[in-house]
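Q: Here you go, one structure.
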Amino acid sequence: MTVKKFNLPDVGEGLTEAEVVAWKVKPGDVVAINDVLCEIETAKSLVELPSPFAGTVTELLVEEGITVEVGTAIIAVSEGQEGDAAPVTPAAPEVPAVEMPLYGKLPADDDTDDNRPSGGPLVGSGPKADAVKRRARKRPSGAVVEAAAVAENAEGTVQDHQAVVEAKAAESPVSHRTTQSVTPGPQALQAAASRGAAISGTISGLVNKVLAKPPVRKFARDLGIDLADVVATGERGEVTREDLVSYQAQRDAEHDQADSFWGASKKPQDQRVERMPVKGVRKATAKAMVDSAFSAPHVSIFVDVDASRTMEFVKRLKVSRDFEGIKVSPLLILAKAVIWAAARNPSVNATWVDDADGKGGAEILVKHYMNLGIAAATPRGLMVPNIKDAQDLSLKELALALNELATKARAGKTQPAEMQGGSLTITNIGALGIDTGTPIINPGEVAILAFGTIKQKPWVLDGEVIPRWITTLGGSFDHRVVDGDLSARFMADVASILEEPALLLD
């Protein structure tokens, strides 16, 4: 029997240590190559470690919650038994990564008009994506296959329905009989169309909202849970009943902890202090924020904006056929506005480099590309993934990118490479109902924009006081690069797009 030990690898970015967050295997489990062994948290993100070899797990060498250095042995796996050939365990078929299609898969916004980020709040909530064990998927019945096929076509045409029926007939396991093609008559086609429309109406939530079966939706309504806040673990990306139960259990636990948070007042105060080690993402973020605050002289500027036309534009996008199935929020318009304004004020899209020539001289690197960062608060700390080359994306492509970024951030699946090389950051504090703030610049950048909540306020327009949708933008800038005049012009340009999105067509 050969026992091999798997050492903690360098997962990139030159990191020297990582914390073992959760083991996905236990002693005695049989693993195949590329099976996930555990989750580790580095200073950048949460990463899954695949097995480099097949065999049986003999020992877990590091406990959960322990931080170890790169190169430390963390697990032992035996590749065979003495006198016997190693048992061959067929590797489970790989489940293809769920791509983000254009229609019917992404959560659609409801009728509320706020600036919550696309794809649900970026603030991490709900269980992790793999916190709930999946149930074995049952083979769908003919009715379910037919319903899914009709749901994927928003118009539910008779031709599509007929194609589904013919496909079912061709695939049905008839005992050595020849399948006869049957052409339905007009009455049959009309009945099929009516039935297709009824099915499409019944499961319209699958097309226009988060994927979930009707009983799951009812269960969510009964619990008062927004499906967009729940991480889906279903095989087709749908929210399952188990996901809701797990999410509710976490929410109940938080409420229960709130009732007992203050502890017994009879105990001395020094015995009622909880010590929380600072490590992983939070440790790296704390260091970066201190370095940024004390190395870059911050200057802040604020502007109130009448975003009423942005709200109207977002409403039109929601009902547009081109944006069907894509969640759209005012954050999308702001992101486009920032890209547009940065092109008009290039120095806000730059980096300050100390001692660039090795002789004490500094340089300003102006970037002719936009890796747009979106700040995401998660239970493990602040993360700022960015959308690479955002300047090349159409409005629809940018909406899809924001949805994907939010989904990964909520599930804790953001990769280190997705947080490197940022150009300029947006922090959407309005998603939490905050009006504005003075954010700290992300290291390596010279500007960050805080997007406050959008709400109706009295506003003077053409000499009359009327209710309008108002938001406040707060910008922080590195005064070594961006002086007062440049920061004011940049903020004014961003505000002008929110006030009149049609300017983007120029």
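To be explicit about the labels: the chains of the structure tokens are called A, B, and onward in the order shown, and within each one the residues are counted from 1, while ligands get numbers from 1 in the order they are shown.
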Per residue of region 374-427 of chain A within 9 Å of region 31-51 of chain A, which atom pair is closest and at what distance in Å (one decimal), using only C-alpha atoms, listed by chain and increasing number, as CSV?

A:
residue,atom,partner,partner_atom,distance
A:Arg380,CA,A:Ser45,CA,8.7
A:Met383,CA,A:Lys44,CA,8.0
A:Gly412,CA,A:Leu46,CA,6.3
A:Lys413,CA,A:Leu46,CA,6.3
A:Thr414,CA,A:Ser45,CA,6.4
A:Gln415,CA,A:Ser45,CA,6.1
A:Pro416,CA,A:Lys44,CA,5.4
A:Ala417,CA,A:Lys44,CA,9.0
A:Met419,CA,A:Lys44,CA,7.8

Q: Write the residues of the preceding selection, restricted to N, CA and C atoms, as an mmCIF file, in the first residue's frame.

A:
data_model
loop_
_atom_site.group_PDB
_atom_site.id
_atom_site.type_symbol
_atom_site.label_atom_id
_atom_site.label_comp_id
_atom_site.auth_asym_id
_atom_site.auth_seq_id
_atom_site.Cartn_x
_atom_site.Cartn_y
_atom_site.Cartn_z
ATOM 1 N N ARG A 380 -16.705 36.957 5.045
ATOM 2 C CA ARG A 380 -15.265 36.796 5.235
ATOM 3 C C ARG A 380 -14.497 38.102 5.076
ATOM 4 N N MET A 383 -14.396 42.317 -0.420
ATOM 5 C CA MET A 383 -13.736 41.905 -1.648
ATOM 6 C C MET A 383 -14.098 42.898 -2.749
ATOM 7 N N GLY A 412 -19.207 33.136 -2.527
ATOM 8 C CA GLY A 412 -17.840 33.023 -2.046
ATOM 9 C C GLY A 412 -16.908 32.352 -3.034
ATOM 10 N N LYS A 413 -17.216 32.457 -4.324
ATOM 11 C CA LYS A 413 -16.439 31.766 -5.349
ATOM 12 C C LYS A 413 -15.567 32.721 -6.173
ATOM 13 N N THR A 414 -15.416 33.951 -5.722
ATOM 14 C CA THR A 414 -14.569 34.893 -6.441
ATOM 15 C C THR A 414 -13.120 34.431 -6.391
ATOM 16 N N GLN A 415 -12.473 34.384 -7.545
ATOM 17 C CA GLN A 415 -11.099 33.912 -7.627
ATOM 18 C C GLN A 415 -10.111 35.071 -7.471
ATOM 19 N N PRO A 416 -8.880 34.775 -7.008
ATOM 20 C CA PRO A 416 -7.889 35.849 -6.800
ATOM 21 C C PRO A 416 -7.649 36.695 -8.046
ATOM 22 N N ALA A 417 -7.584 36.068 -9.220
ATOM 23 C CA ALA A 417 -7.308 36.816 -10.446
ATOM 24 C C ALA A 417 -8.394 37.831 -10.753
ATOM 25 N N MET A 419 -9.745 39.744 -8.674
ATOM 26 C CA MET A 419 -9.615 40.907 -7.794
ATOM 27 C C MET A 419 -8.304 41.647 -8.028
#

Q: Out of A:Leu60, A:Ala377, A:Leu461, A:Leu473, which residue has the shortest atom-to-atom distance to Gly430 (chain A) when counting only C-alpha atoms?

A: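 Closest to Gly430 (chain A), using only C-alpha atoms: A:Leu473.
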
Q: Measuring atom to atom with only C-alpha atoms, identify which of A:Lys336, A:Lys457, A:Arg489, A:Lys315 is nearest to Asp392 (chain A).

A: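 Distance minimum relative to Asp392 (chain A) lands on A:Lys336.
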
Q: Could you tell me, as a PyMOL selection string, which residues of region 256-427 of chain A DSSP assigns to strand (DSSP E) when given the backbone?

A: chain A and resi 298-306+350-353+363-366+372-374+376-378+381-383+386-387+424-427

Q: For the alpha helix (DSSP H) assignment from backbone DSSP, which residues of region 195-386 of chain A qualify? Please present them as a PyMOL selection string.

A: chain A and resi 195-202+204-208+214-223+241-259+280-295+308-319+330-344

Q: Need the shell around Asp435 (chain A): protein/DNA/RNA residues with any atom at most 9 Å away, counting only C-alpha atoms. Skip same-chain ones fewer than 3 positions apart. Format as a ChimeraX atom specification?

A: /A:429-430,451-454,471-473

Q: May I ask which of the residues A:Leu331, A:Leu498, A:Ala296, A:Ala390 is the closest one to Val353 (chain A), counting only C-alpha atoms?

A: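 Answer, going by the shortest atom-to-atom distance: A:Ala296.
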
Q: If you measure from CA of Arg480 (chain A) to CA of Trp352 (chain A), what distance in Å do you get, rounded to one decimal?

A: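 About the pair CA of Arg480 (chain A) and CA of Trp352 (chain A): they are 8.0 Å apart.
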
Q: So the first atom is CA of Gly381 (chain A) and the second is CA of Ala342 (chain A); what is the distance between them in Å, to one decimal place?

A: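 So the two atoms, CA of Gly381 (chain A) and CA of Ala342 (chain A), lie 28.0 Å apart.
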
Q: Between A:Asp252, A:Glu418, A:Glu19, A:Asp462, which has the minimum distance to Gly65 (chain A) (counting only C-alpha atoms)?

A: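 Of A:Asp252, A:Glu418, A:Glu19, A:Asp462, the one nearest Gly65 (chain A), counting only C-alpha atoms, is A:Glu19.
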
Q: Could you name the residues that touch Ser78 (chain A) at 9 Å or less, counting only C-alpha atoms, but leaving out those on the same chain fewer than 6 positions away, as a ChimeraX atom specification?

A: /A:1-5,54-58

Q: Please identify all polymer residues within 8 Å of Ile441 (chain A), counting only C-alpha atoms, omitting same-chain residues fewer than 6 positions from it, and present them as number ranges by chain.

A: A: 289, 292-293, 298, 425, 447-448, 476-478
